[in-house]
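S.K.: TSV, N, CA and C atoms, saved as query-v1.tsv, coming up:
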```
chain	number	residue	atom	x	y	z
A	1	MET	N	-53.95	52.98	40.86
A	1	MET	CA	-52.62	53.40	40.49
A	1	MET	C	-51.58	52.77	41.44
A	2	LYS	N	-51.98	52.63	42.71
A	2	LYS	CA	-51.07	52.03	43.68
A	2	LYS	C	-50.77	50.58	43.30
A	3	TRP	N	-51.78	49.84	42.91
A	3	TRP	CA	-51.57	48.44	42.53
A	3	TRP	C	-50.79	48.33	41.23
A	4	PHE	N	-51.00	49.26	40.36
A	4	PHE	CA	-50.23	49.30	39.11
A	4	PHE	C	-48.74	49.42	39.41
A	5	LEU	N	-48.37	50.32	40.31
A	5	LEU	CA	-46.97	50.49	40.69
A	5	LEU	C	-46.44	49.27	41.44
A	6	ILE	N	-47.26	48.69	42.30
A	6	ILE	CA	-46.83	47.51	43.04
A	6	ILE	C	-46.59	46.35	42.09
A	7	LEU	N	-47.50	46.13	41.15
A	7	LEU	CA	-47.36	45.02	40.20
A	7	LEU	C	-46.21	45.24	39.23
A	8	TRP	N	-45.79	46.48	39.03
A	8	TRP	CA	-44.61	46.75	38.21
A	8	TRP	C	-43.33	46.60	39.04
A	9	ALA	N	-43.34	47.13	40.26
A	9	ALA	CA	-42.12	47.20	41.07
A	9	ALA	C	-41.71	45.85	41.66
A	10	CYS	N	-42.65	45.03	42.06
A	10	CYS	CA	-42.29	43.76	42.70
A	10	CYS	C	-41.44	42.85	41.82
A	11	PRO	N	-41.82	42.58	40.58
A	11	PRO	CA	-40.94	41.73	39.76
A	11	PRO	C	-39.59	42.37	39.47
A	12	VAL	N	-39.58	43.69	39.30
A	12	VAL	CA	-38.31	44.38	39.04
A	12	VAL	C	-37.38	44.26	40.25
A	13	ILE	N	-37.92	44.47	41.44
A	13	ILE	CA	-37.12	44.38	42.66
A	13	ILE	C	-36.65	42.94	42.90
A	14	LEU	N	-37.54	41.97	42.69
A	14	LEU	CA	-37.15	40.57	42.87
A	14	LEU	C	-36.06	40.16	41.88
A	15	LEU	N	-36.20	40.55	40.62
A	15	LEU	CA	-35.22	40.18	39.61
A	15	LEU	C	-33.87	40.84	39.88
A	16	THR	N	-33.87	42.13	40.16
A	16	THR	CA	-32.60	42.81	40.42
A	16	THR	C	-31.96	42.31	41.72
A	17	GLY	N	-32.78	42.01	42.72
A	17	GLY	CA	-32.25	41.46	43.96
A	17	GLY	C	-31.61	40.11	43.74
A	18	TRP	N	-32.32	39.23	43.02
A	18	TRP	CA	-31.75	37.91	42.72
A	18	TRP	C	-30.48	38.05	41.90
A	19	TYR	N	-30.52	38.90	40.89
A	19	TYR	CA	-29.34	39.05	40.02
A	19	TYR	C	-28.14	39.55	40.80
A	20	GLY	N	-28.34	40.56	41.63
A	20	GLY	CA	-27.23	41.11	42.40
A	20	GLY	C	-26.67	40.12	43.40
A	21	LEU	N	-27.55	39.44	44.12
A	21	LEU	CA	-27.07	38.48	45.11
A	21	LEU	C	-26.39	37.28	44.47
A	22	SER	N	-26.97	36.76	43.39
A	22	SER	CA	-26.36	35.59	42.75
A	22	SER	C	-25.10	35.95	41.97
A	23	TYR	N	-25.04	37.15	41.42
A	23	TYR	CA	-23.85	37.56	40.68
A	23	TYR	C	-22.64	37.64	41.61
A	24	TYR	N	-22.85	38.17	42.80
A	24	TYR	CA	-21.76	38.29	43.77
A	24	TYR	C	-21.70	37.10	44.73
A	25	ASP	N	-22.47	36.04	44.46
A	25	ASP	CA	-22.44	34.78	45.21
A	25	ASP	C	-22.71	34.97	46.71
A	26	MET	N	-23.69	35.79	47.02
A	26	MET	CA	-24.12	35.95	48.41
A	26	MET	C	-25.33	35.04	48.62
A	27	SER	N	-25.06	33.77	48.86
A	27	SER	CA	-26.13	32.77	48.81
A	27	SER	C	-26.91	32.61	50.10
A	28	PHE	N	-26.34	32.95	51.26
A	28	PHE	CA	-27.01	32.77	52.55
A	28	PHE	C	-27.52	31.34	52.71
A	29	GLY	N	-26.87	30.37	52.07
A	29	GLY	CA	-27.25	28.97	52.17
A	29	GLY	C	-28.36	28.56	51.23
A	30	ILE	N	-28.80	29.44	50.35
A	30	ILE	CA	-29.87	29.14	49.40
A	30	ILE	C	-29.24	28.89	48.02
A	31	PHE	N	-29.57	27.75	47.42
A	31	PHE	CA	-28.93	27.38	46.15
A	31	PHE	C	-29.22	28.40	45.04
A	32	MET	N	-30.43	28.92	44.98
A	32	MET	CA	-30.78	29.84	43.89
A	32	MET	C	-29.99	31.14	43.94
A	33	LEU	N	-29.35	31.44	45.06
A	33	LEU	CA	-28.56	32.65	45.16
A	33	LEU	C	-27.07	32.41	44.94
A	34	THR	N	-26.69	31.20	44.55
A	34	THR	CA	-25.28	30.91	44.30
A	34	THR	C	-24.91	31.31	42.88
A	35	ARG	N	-23.62	31.46	42.66
A	35	ARG	CA	-23.12	31.81	41.34
A	35	ARG	C	-23.35	30.67	40.34
A	36	GLN	N	-23.33	29.42	40.82
A	36	GLN	CA	-23.56	28.28	39.94
A	36	GLN	C	-24.99	28.32	39.40
A	37	ALA	N	-25.95	28.64	40.26
A	37	ALA	CA	-27.35	28.75	39.80
A	37	ALA	C	-27.50	29.92	38.83
A	38	HIS	N	-26.80	31.01	39.11
A	38	HIS	CA	-26.82	32.18	38.23
A	38	HIS	C	-26.34	31.80	36.83
A	39	ASP	N	-25.18	31.14	36.77
A	39	ASP	CA	-24.65	30.73	35.47
A	39	ASP	C	-25.55	29.71	34.79
A	40	LEU	N	-26.13	28.79	35.57
A	40	LEU	CA	-27.02	27.77	35.00
A	40	LEU	C	-28.28	28.40	34.41
A	41	VAL	N	-28.88	29.35	35.12
A	41	VAL	CA	-30.10	30.02	34.62
A	41	VAL	C	-29.81	30.73	33.30
A	42	PHE	N	-28.71	31.47	33.25
A	42	PHE	CA	-28.42	32.20	32.01
A	42	PHE	C	-27.96	31.27	30.89
A	43	ALA	N	-27.35	30.14	31.23
A	43	ALA	CA	-27.00	29.16	30.19
A	43	ALA	C	-28.27	28.55	29.59
A	44	ILE	N	-29.24	28.23	30.43
A	44	ILE	CA	-30.51	27.67	29.94
A	44	ILE	C	-31.24	28.69	29.07
A	45	TYR	N	-31.35	29.94	29.56
A	45	TYR	CA	-32.01	30.98	28.75
A	45	TYR	C	-31.26	31.23	27.45
A	46	GLY	N	-29.94	31.19	27.50
A	46	GLY	CA	-29.16	31.38	26.28
A	46	GLY	C	-29.40	30.27	25.27
A	47	ASN	N	-29.50	29.02	25.75
A	47	ASN	CA	-29.78	27.90	24.85
A	47	ASN	C	-31.19	27.97	24.29
A	48	VAL	N	-32.14	28.35	25.11
A	48	VAL	CA	-33.53	28.45	24.64
A	48	VAL	C	-33.67	29.55	23.59
A	49	LEU	N	-33.03	30.71	23.85
A	49	LEU	CA	-33.14	31.84	22.93
A	49	LEU	C	-32.18	31.77	21.76
A	50	GLY	N	-31.15	30.92	21.88
A	50	GLY	CA	-30.17	30.79	20.81
A	50	GLY	C	-29.18	31.94	20.76
A	51	ILE	N	-28.92	32.56	21.89
A	51	ILE	CA	-27.95	33.66	21.97
A	51	ILE	C	-26.95	33.35	23.07
A	52	PRO	N	-25.79	34.01	23.05
A	52	PRO	CA	-24.82	33.78	24.13
A	52	PRO	C	-25.37	34.23	25.48
A	53	PRO	N	-25.14	33.47	26.53
A	53	PRO	CA	-25.70	33.81	27.85
A	53	PRO	C	-25.25	35.16	28.40
A	54	GLU	N	-24.06	35.63	28.02
A	54	GLU	CA	-23.59	36.90	28.55
A	54	GLU	C	-24.29	38.11	27.94
A	55	THR	N	-25.06	37.91	26.88
A	55	THR	CA	-25.80	39.03	26.28
A	55	THR	C	-27.18	39.21	26.90
A	56	ILE	N	-27.62	38.29	27.72
A	56	ILE	CA	-28.97	38.37	28.29
A	56	ILE	C	-29.11	39.48	29.34
A	57	PRO	N	-28.20	39.63	30.32
A	57	PRO	CA	-28.38	40.68	31.33
A	57	PRO	C	-28.51	42.11	30.77
A	58	PRO	N	-27.70	42.52	29.77
A	58	PRO	CA	-27.93	43.86	29.22
A	58	PRO	C	-29.28	44.00	28.52
A	59	LEU	N	-29.74	42.93	27.88
A	59	LEU	CA	-31.06	42.98	27.24
A	59	LEU	C	-32.16	43.14	28.27
A	60	VAL	N	-32.04	42.43	29.38
A	60	VAL	CA	-33.04	42.53	30.45
A	60	VAL	C	-33.00	43.93	31.07
A	61	ALA	N	-31.81	44.48	31.26
A	61	ALA	CA	-31.69	45.82	31.84
A	61	ALA	C	-32.32	46.86	30.91
A	62	ARG	N	-32.10	46.75	29.62
A	62	ARG	CA	-32.72	47.69	28.68
A	62	ARG	C	-34.24	47.54	28.68
A	63	ALA	N	-34.73	46.32	28.81
A	63	ALA	CA	-36.18	46.10	28.86
A	63	ALA	C	-36.77	46.72	30.12
A	64	ILE	N	-36.07	46.61	31.25
A	64	ILE	CA	-36.56	47.21	32.49
A	64	ILE	C	-36.59	48.73	32.38
A	65	VAL	N	-35.56	49.32	31.79
A	65	VAL	CA	-35.54	50.78	31.61
A	65	VAL	C	-36.67	51.22	30.69
A	66	PHE	N	-36.87	50.51	29.59
A	66	PHE	CA	-37.95	50.85	28.65
A	66	PHE	C	-39.32	50.73	29.32
A	67	ASP	N	-39.53	49.65	30.04
A	67	ASP	CA	-40.81	49.47	30.75
A	67	ASP	C	-41.01	50.55	31.81
A	68	SER	N	-39.93	50.95	32.47
A	68	SER	CA	-40.03	52.00	33.48
A	68	SER	C	-40.46	53.32	32.84
A	69	PHE	N	-39.90	53.64	31.67
A	69	PHE	CA	-40.32	54.85	30.97
A	69	PHE	C	-41.80	54.79	30.62
A	70	ILE	N	-42.27	53.65	30.19
A	70	ILE	CA	-43.69	53.51	29.85
A	70	ILE	C	-44.56	53.69	31.10
A	71	VAL	N	-44.16	53.07	32.21
A	71	VAL	CA	-44.92	53.18	33.46
A	71	VAL	C	-44.98	54.62	33.93
A	72	PHE	N	-43.83	55.32	33.91
A	72	PHE	CA	-43.82	56.70	34.37
A	72	PHE	C	-44.54	57.63	33.41
A	73	ALA	N	-44.57	57.30	32.13
A	73	ALA	CA	-45.34	58.09	31.17
A	73	ALA	C	-46.83	57.93	31.44
A	74	ILE	N	-47.27	56.73	31.76
A	74	ILE	CA	-48.68	56.51	32.09
A	74	ILE	C	-49.04	57.28	33.36
A	75	ILE	N	-48.18	57.24	34.35
A	75	ILE	CA	-48.44	57.98	35.60
A	75	ILE	C	-48.47	59.47	35.33
A	76	ALA	N	-47.52	59.98	34.54
A	76	ALA	CA	-47.50	61.41	34.22
A	76	ALA	C	-48.75	61.82	33.45
A	77	TYR	N	-49.21	60.97	32.56
A	77	TYR	CA	-50.43	61.29	31.82
A	77	TYR	C	-51.64	61.35	32.74
A	78	ARG	N	-51.71	60.43	33.68
A	78	ARG	CA	-52.85	60.42	34.59
A	78	ARG	C	-52.80	61.57	35.60
A	79	LYS	N	-51.62	62.04	35.92
A	79	LYS	CA	-51.45	63.13	36.88
A	79	LYS	C	-51.13	64.45	36.20
A	80	ARG	N	-51.47	64.60	34.92
A	80	ARG	CA	-51.06	65.78	34.17
A	80	ARG	C	-51.63	67.07	34.72
A	81	ARG	N	-52.84	67.05	35.26
A	81	ARG	CA	-53.43	68.27	35.83
A	81	ARG	C	-52.67	68.71	37.08
A	82	GLU	N	-52.34	67.76	37.94
A	82	GLU	CA	-51.58	68.10	39.15
A	82	GLU	C	-50.18	68.58	38.79
A	83	ILE	N	-49.57	67.97	37.79
A	83	ILE	CA	-48.24	68.39	37.37
A	83	ILE	C	-48.29	69.79	36.77
A	84	ARG	N	-49.29	70.07	35.94
A	84	ARG	CA	-49.43	71.39	35.34
A	84	ARG	C	-49.68	72.45	36.41
A	85	ALA	N	-50.51	72.13	37.41
A	85	ALA	CA	-50.77	73.08	38.50
A	85	ALA	C	-49.50	73.34	39.30
A	86	TRP	N	-48.75	72.29	39.60
A	86	TRP	CA	-47.50	72.47	40.33
A	86	TRP	C	-46.51	73.30	39.52
A	87	TYR	N	-46.43	73.04	38.21
A	87	TYR	CA	-45.48	73.76	37.36
A	87	TYR	C	-45.85	75.23	37.26
A	88	SER	N	-47.14	75.53	37.08
A	88	SER	CA	-47.54	76.93	36.97
A	88	SER	C	-47.39	77.66	38.31
A	89	LYS	N	-47.52	76.94	39.41
A	89	LYS	CA	-47.30	77.55	40.72
A	89	LYS	C	-45.81	77.76	40.98
A	90	ARG	N	-45.02	76.82	40.54
A	90	ARG	CA	-43.56	76.90	40.77
A	90	ARG	C	-42.90	77.90	39.85
A	91	PHE	N	-43.31	77.96	38.59
A	91	PHE	CA	-42.74	78.86	37.60
A	91	PHE	C	-43.85	79.72	37.00
A	92	PRO	N	-44.21	80.80	37.69
A	92	PRO	CA	-45.29	81.64	37.15
A	92	PRO	C	-44.86	82.29	35.84
A	93	SER	N	-45.80	82.43	34.94
A	93	SER	CA	-45.48	83.00	33.64
A	93	SER	C	-45.24	84.50	33.78
A	94	VAL	N	-44.36	85.02	32.95
A	94	VAL	CA	-44.04	86.44	32.96
A	94	VAL	C	-45.11	87.16	32.19
A	95	GLN	N	-45.74	88.12	32.83
A	95	GLN	CA	-46.80	88.89	32.18
A	95	GLN	C	-46.26	90.26	31.82
A	96	LYS	N	-46.67	90.78	30.68
A	96	LYS	CA	-46.23	92.10	30.24
A	96	LYS	C	-46.92	93.17	31.07
A	97	ASP	N	-46.16	94.18	31.40
A	97	ASP	CA	-46.69	95.29	32.18
A	97	ASP	C	-47.19	96.35	31.22
A	98	ASP	N	-48.50	96.64	31.25
A	98	ASP	CA	-49.11	97.57	30.32
A	98	ASP	C	-48.98	99.02	30.76
A	99	SER	N	-48.45	99.29	31.94
A	99	SER	CA	-48.36	100.66	32.44
A	99	SER	C	-47.20	101.43	31.83
A	100	GLY	N	-46.38	100.80	31.04
A	100	GLY	CA	-45.27	101.49	30.38
A	100	GLY	C	-44.00	101.49	31.21
A	101	ALA	N	-44.04	100.92	32.40
A	101	ALA	CA	-42.84	100.87	33.23
A	101	ALA	C	-41.87	99.86	32.66
A	102	ALA	N	-40.62	100.07	32.95
A	102	ALA	CA	-39.59	99.18	32.45
A	102	ALA	C	-39.69	97.83	33.14
A	103	ALA	N	-39.57	96.76	32.34
A	103	ALA	CA	-39.69	95.42	32.89
A	103	ALA	C	-38.39	94.97	33.56
A	104	PHE	N	-37.28	95.52	33.12
A	104	PHE	CA	-35.99	95.11	33.65
A	104	PHE	C	-35.25	96.32	34.18
A	105	ALA	N	-34.36	96.11	35.11
A	105	ALA	CA	-33.61	97.20	35.72
A	105	ALA	C	-32.69	97.88	34.70
A	106	LYS	N	-32.20	97.15	33.74
A	106	LYS	CA	-31.30	97.76	32.75
A	106	LYS	C	-32.04	98.76	31.86
A	107	ASP	N	-33.37	98.61	31.75
A	107	ASP	CA	-34.16	99.53	30.94
A	107	ASP	C	-34.58	100.76	31.73
A	108	ALA	N	-34.48	100.72	33.03
A	108	ALA	CA	-34.92	101.85	33.86
A	108	ALA	C	-33.87	102.96	33.82
A	109	ASN	N	-34.32	104.19	34.01
A	109	ASN	CA	-33.43	105.34	34.08
A	109	ASN	C	-32.80	105.37	35.45
A	110	LEU	N	-31.53	105.18	35.54
A	110	LEU	CA	-30.84	105.13	36.82
A	110	LEU	C	-30.10	106.44	37.13
A	111	SER	N	-30.48	107.51	36.46
A	111	SER	CA	-29.77	108.77	36.67
A	111	SER	C	-30.04	109.36	38.05
A	112	SER	N	-31.12	108.98	38.70
A	112	SER	CA	-31.42	109.51	40.01
A	112	SER	C	-30.83	108.66	41.12
A	113	ALA	N	-29.98	107.73	40.76
A	113	ALA	CA	-29.37	106.86	41.78
A	113	ALA	C	-28.35	107.65	42.57
A	114	PRO	N	-28.20	107.40	43.87
A	114	PRO	CA	-27.25	108.15	44.69
A	114	PRO	C	-25.81	107.85	44.37
```
Represent the structure from my file as C-alpha coordinates, please.
M.R.:
Amino acid sequence: MKWFLILWACPVILLTGWYGLSYYDMSFGIFMLTRQAHDLVFAIYGNVLGIPPETIPPLVARAIVFDSFIVFAIIAYRKRREIRAWYSKRFPSVQKDDSGAAAFAKDANLSSAP
(Lines of atoms letter the chains of each structure in order from A and count residues from 1; the text may use other names and numbers.)
(Lines give C-alpha, C1' and ligand atoms only; values in the text may rest on other atoms or scores of the structure.)
Protein backbone atom coordinates (compact mmCIF):
# COMPACT_ATOMS: atom_id res chain seq x y z
CA MET A 1 0.00 0.00 0.00
CA LYS A 2 2.93 2.31 0.74
CA TRP A 3 4.36 1.82 -2.75
CA PHE A 4 0.93 2.30 -4.27
CA LEU A 5 0.70 5.74 -2.64
CA ILE A 6 4.28 6.61 -3.56
CA LEU A 7 3.75 5.64 -7.21
CA TRP A 8 0.59 7.75 -7.29
CA ALA A 9 1.94 10.77 -5.40
CA CYS A 10 5.33 11.21 -7.10
CA PRO A 11 4.03 12.01 -10.60
CA VAL A 12 1.29 14.23 -9.17
CA ILE A 13 3.79 16.19 -7.06
CA LEU A 14 6.28 16.48 -9.93
CA LEU A 15 3.61 17.66 -12.38
CA THR A 16 2.06 20.20 -10.04
CA GLY A 17 5.49 21.42 -8.96
CA TRP A 18 6.62 21.88 -12.56
CA TYR A 19 3.34 23.54 -13.51
CA GLY A 20 3.43 25.97 -10.60
CA LEU A 21 7.07 26.92 -11.04
CA SER A 22 6.89 27.29 -14.81
CA TYR A 23 3.56 29.14 -14.73
CA TYR A 24 5.01 31.80 -12.44
CA ASP A 25 8.39 31.71 -14.27
CA MET A 26 10.48 30.70 -11.26
CA SER A 27 13.17 29.07 -13.35
CA PHE A 28 16.20 29.04 -11.00
CA GLY A 29 18.29 28.99 -14.21
CA ILE A 30 16.65 25.81 -15.55
CA PHE A 31 15.05 26.13 -18.99
CA MET A 32 12.23 23.66 -18.29
CA LEU A 33 10.99 25.89 -15.47
CA THR A 34 10.69 29.01 -17.65
CA ARG A 35 7.41 30.40 -18.92
CA GLN A 36 8.60 29.90 -22.52
CA ALA A 37 9.04 26.16 -21.92
CA HIS A 38 5.63 26.08 -20.22
CA ASP A 39 3.94 27.68 -23.22
CA LEU A 40 5.91 25.48 -25.65
CA VAL A 41 4.92 22.25 -23.85
CA PHE A 42 1.24 23.15 -23.87
CA ALA A 43 1.40 24.34 -27.49
CA ILE A 44 2.88 20.97 -28.53
CA TYR A 45 0.29 19.02 -26.52
CA GLY A 46 -2.46 21.22 -27.95
CA ASN A 47 -1.28 20.54 -31.51
CA VAL A 48 -0.97 16.81 -30.90
CA LEU A 49 -4.42 16.56 -29.30
CA GLY A 50 -6.04 19.05 -31.66
CA ILE A 51 -7.40 21.27 -28.88
CA PRO A 52 -6.51 24.78 -27.73
CA PRO A 53 -3.51 24.75 -25.36
CA GLU A 54 -5.32 26.74 -22.67
CA THR A 55 -7.87 23.94 -22.19
CA ILE A 56 -5.25 21.34 -21.23
CA PRO A 57 -4.48 22.43 -17.60
CA PRO A 58 -8.13 22.18 -16.42
CA LEU A 59 -8.41 18.76 -18.07
CA VAL A 60 -5.27 17.57 -16.30
CA ALA A 61 -6.51 18.97 -12.97
CA ARG A 62 -9.83 17.13 -13.34
CA ALA A 63 -7.97 13.92 -14.20
CA ILE A 64 -5.80 14.28 -11.08
CA VAL A 65 -8.88 14.82 -8.89
CA PHE A 66 -10.65 11.82 -10.43
CA ASP A 67 -7.58 9.59 -10.01
CA SER A 68 -7.22 10.78 -6.41
CA PHE A 69 -10.81 9.74 -5.67
CA ILE A 70 -10.11 6.31 -7.14
CA VAL A 71 -6.89 5.94 -5.10
CA PHE A 72 -8.59 6.96 -1.85
CA ALA A 73 -11.54 4.67 -2.59
CA ILE A 74 -9.15 1.75 -2.99
CA ILE A 75 -7.43 2.65 0.28
CA ALA A 76 -10.78 3.02 2.07
CA TYR A 77 -11.90 -0.36 0.74
CA ARG A 78 -8.73 -2.03 1.95
CA LYS A 79 -8.95 -0.36 5.37
CA ARG A 80 -12.72 -0.76 5.77
CA ARG A 81 -12.46 -2.88 8.94
CA GLU A 82 -10.24 -0.33 10.68
CA ILE A 83 -12.50 2.50 9.55
CA ARG A 84 -15.62 0.68 10.77
CA ALA A 85 -13.96 -0.04 14.14
CA TRP A 86 -12.90 3.59 14.50
CA TYR A 87 -16.39 4.80 13.55
CA SER A 88 -18.18 2.49 15.98
CA LYS A 89 -15.76 3.52 18.73
CA ARG A 90 -16.13 7.21 17.95
CA PHE A 91 -19.93 7.16 17.49
CA PRO A 92 -21.41 4.38 19.62
CA SER A 93 -24.87 3.33 18.56
CA VAL A 94 -27.80 4.34 20.74
CA GLN A 95 -29.29 1.30 22.42
CA LYS A 96 -32.86 1.20 23.72
CA ASP A 97 -33.23 0.96 27.46
CA ASP A 98 -35.52 -1.97 28.31
CA SER A 99 -35.96 -0.99 31.98
CA GLY A 100 -38.70 1.50 31.12
CA ALA A 101 -36.68 4.54 32.18
CA ALA A 102 -36.96 7.65 30.10
CA ALA A 103 -34.29 7.92 27.41
CA PHE A 104 -34.34 11.70 27.34
CA ALA A 105 -34.56 14.33 30.04
CA LYS A 106 -37.67 15.87 28.49
CA ASP A 107 -39.50 12.57 29.01
CA ALA A 108 -38.53 12.31 32.68
CA ASN A 109 -40.83 13.56 35.45
CA LEU A 110 -39.18 16.71 36.74
CA SER A 111 -41.75 17.46 39.43
CA SER A 112 -39.30 16.54 42.19
CA ALA A 113 -36.78 19.11 41.01
CA PRO A 114 -35.82 21.73 43.63
S.K.: CA of Arg78 (chain A) to CA of Val60 (chain A): how many Å, to one decimal?
M.R.: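 Atom-to-atom, CA of Arg78 (chain A) and CA of Val60 (chain A) are spaced 27.0 Å apart.
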S.K.: Taking (-30.3, 34.3, 26.6) in the file's coordinates as the center, which residues reach within 6.5 Å of it, counting all atoms listed in the file, put as a list in words?
M.R.: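 Output of the proximity query reads Phe42, Ile44, Tyr45, Gly46, Asn47, Val48, Leu49, Gly50, Ile51, Pro52, Pro53, Thr55 and Ile56 of chain A.
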S.K.: If you measure from CA of Lys89 (chain A) to atom N of Phe72 (chain A), what distance in Å do you get, rounded to one decimal?
M.R.: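 Here the two named atoms are 23.5 Å from each other.
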S.K.: Can you pull out the residues contacting Leu21 (chain A)? Cut-off 12 Å, using only C-alpha atoms, and skip same-chain residues under 2 positions away; I want them as a short mmCIF file (atom, residue, chain, number, x, y, z; two decimals) with N, CA and C atoms, in the coordinates of the input.
M.R.:
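Written out: part-v1.cif:
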```cif
data_model
loop_
_atom_site.label_atom_id
_atom_site.label_comp_id
_atom_site.auth_asym_id
_atom_site.auth_seq_id
_atom_site.Cartn_x
_atom_site.Cartn_y
_atom_site.Cartn_z
N ILE A 13 -37.92 44.47 41.44
CA ILE A 13 -37.12 44.38 42.66
C ILE A 13 -36.65 42.94 42.90
N LEU A 14 -37.54 41.97 42.69
CA LEU A 14 -37.15 40.57 42.87
C LEU A 14 -36.06 40.16 41.88
N LEU A 15 -36.20 40.55 40.62
CA LEU A 15 -35.22 40.18 39.61
C LEU A 15 -33.87 40.84 39.88
N THR A 16 -33.87 42.13 40.16
CA THR A 16 -32.60 42.81 40.42
C THR A 16 -31.96 42.31 41.72
N GLY A 17 -32.78 42.01 42.72
CA GLY A 17 -32.25 41.46 43.96
C GLY A 17 -31.61 40.11 43.74
N TRP A 18 -32.32 39.23 43.02
CA TRP A 18 -31.75 37.91 42.72
C TRP A 18 -30.48 38.05 41.90
N TYR A 19 -30.52 38.90 40.89
CA TYR A 19 -29.34 39.05 40.02
C TYR A 19 -28.14 39.55 40.80
N TYR A 23 -25.04 37.15 41.42
CA TYR A 23 -23.85 37.56 40.68
C TYR A 23 -22.64 37.64 41.61
N TYR A 24 -22.85 38.17 42.80
CA TYR A 24 -21.76 38.29 43.77
C TYR A 24 -21.70 37.10 44.73
N ASP A 25 -22.47 36.04 44.46
CA ASP A 25 -22.44 34.78 45.21
C ASP A 25 -22.71 34.97 46.71
N MET A 26 -23.69 35.79 47.02
CA MET A 26 -24.12 35.95 48.41
C MET A 26 -25.33 35.04 48.62
N SER A 27 -25.06 33.77 48.86
CA SER A 27 -26.13 32.77 48.81
C SER A 27 -26.91 32.61 50.10
N PHE A 28 -26.34 32.95 51.26
CA PHE A 28 -27.01 32.77 52.55
C PHE A 28 -27.52 31.34 52.71
N GLY A 29 -26.87 30.37 52.07
CA GLY A 29 -27.25 28.97 52.17
C GLY A 29 -28.36 28.56 51.23
N ILE A 30 -28.80 29.44 50.35
CA ILE A 30 -29.87 29.14 49.40
C ILE A 30 -29.24 28.89 48.02
N PHE A 31 -29.57 27.75 47.42
CA PHE A 31 -28.93 27.38 46.15
C PHE A 31 -29.22 28.40 45.04
N MET A 32 -30.43 28.92 44.98
CA MET A 32 -30.78 29.84 43.89
C MET A 32 -29.99 31.14 43.94
N LEU A 33 -29.35 31.44 45.06
CA LEU A 33 -28.56 32.65 45.16
C LEU A 33 -27.07 32.41 44.94
N THR A 34 -26.69 31.20 44.55
CA THR A 34 -25.28 30.91 44.30
C THR A 34 -24.91 31.31 42.88
N ARG A 35 -23.62 31.46 42.66
CA ARG A 35 -23.12 31.81 41.34
C ARG A 35 -23.35 30.67 40.34
N GLN A 36 -23.33 29.42 40.82
CA GLN A 36 -23.56 28.28 39.94
C GLN A 36 -24.99 28.32 39.40
N ALA A 37 -25.95 28.64 40.26
CA ALA A 37 -27.35 28.75 39.80
C ALA A 37 -27.50 29.92 38.83
N HIS A 38 -26.80 31.01 39.11
CA HIS A 38 -26.82 32.18 38.23
C HIS A 38 -26.34 31.80 36.83
#
```
S.K.: For a test of reading the model, state the distance in Å between CA of Phe4 (chain A) and CA of Pro57 (chain A), rounded to one decimal.
M.R.: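 Those two atoms sit 24.7 Å apart.
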S.K.: Please write as a PyMOL selection string the list of polymer residues whose atoms come within 12 Å of (-41.1, 50.2, 39.1), counting only C-alpha atoms and keeping to the coordinates of the file.
M.R.: chain A and resi 2-16+64-73+75
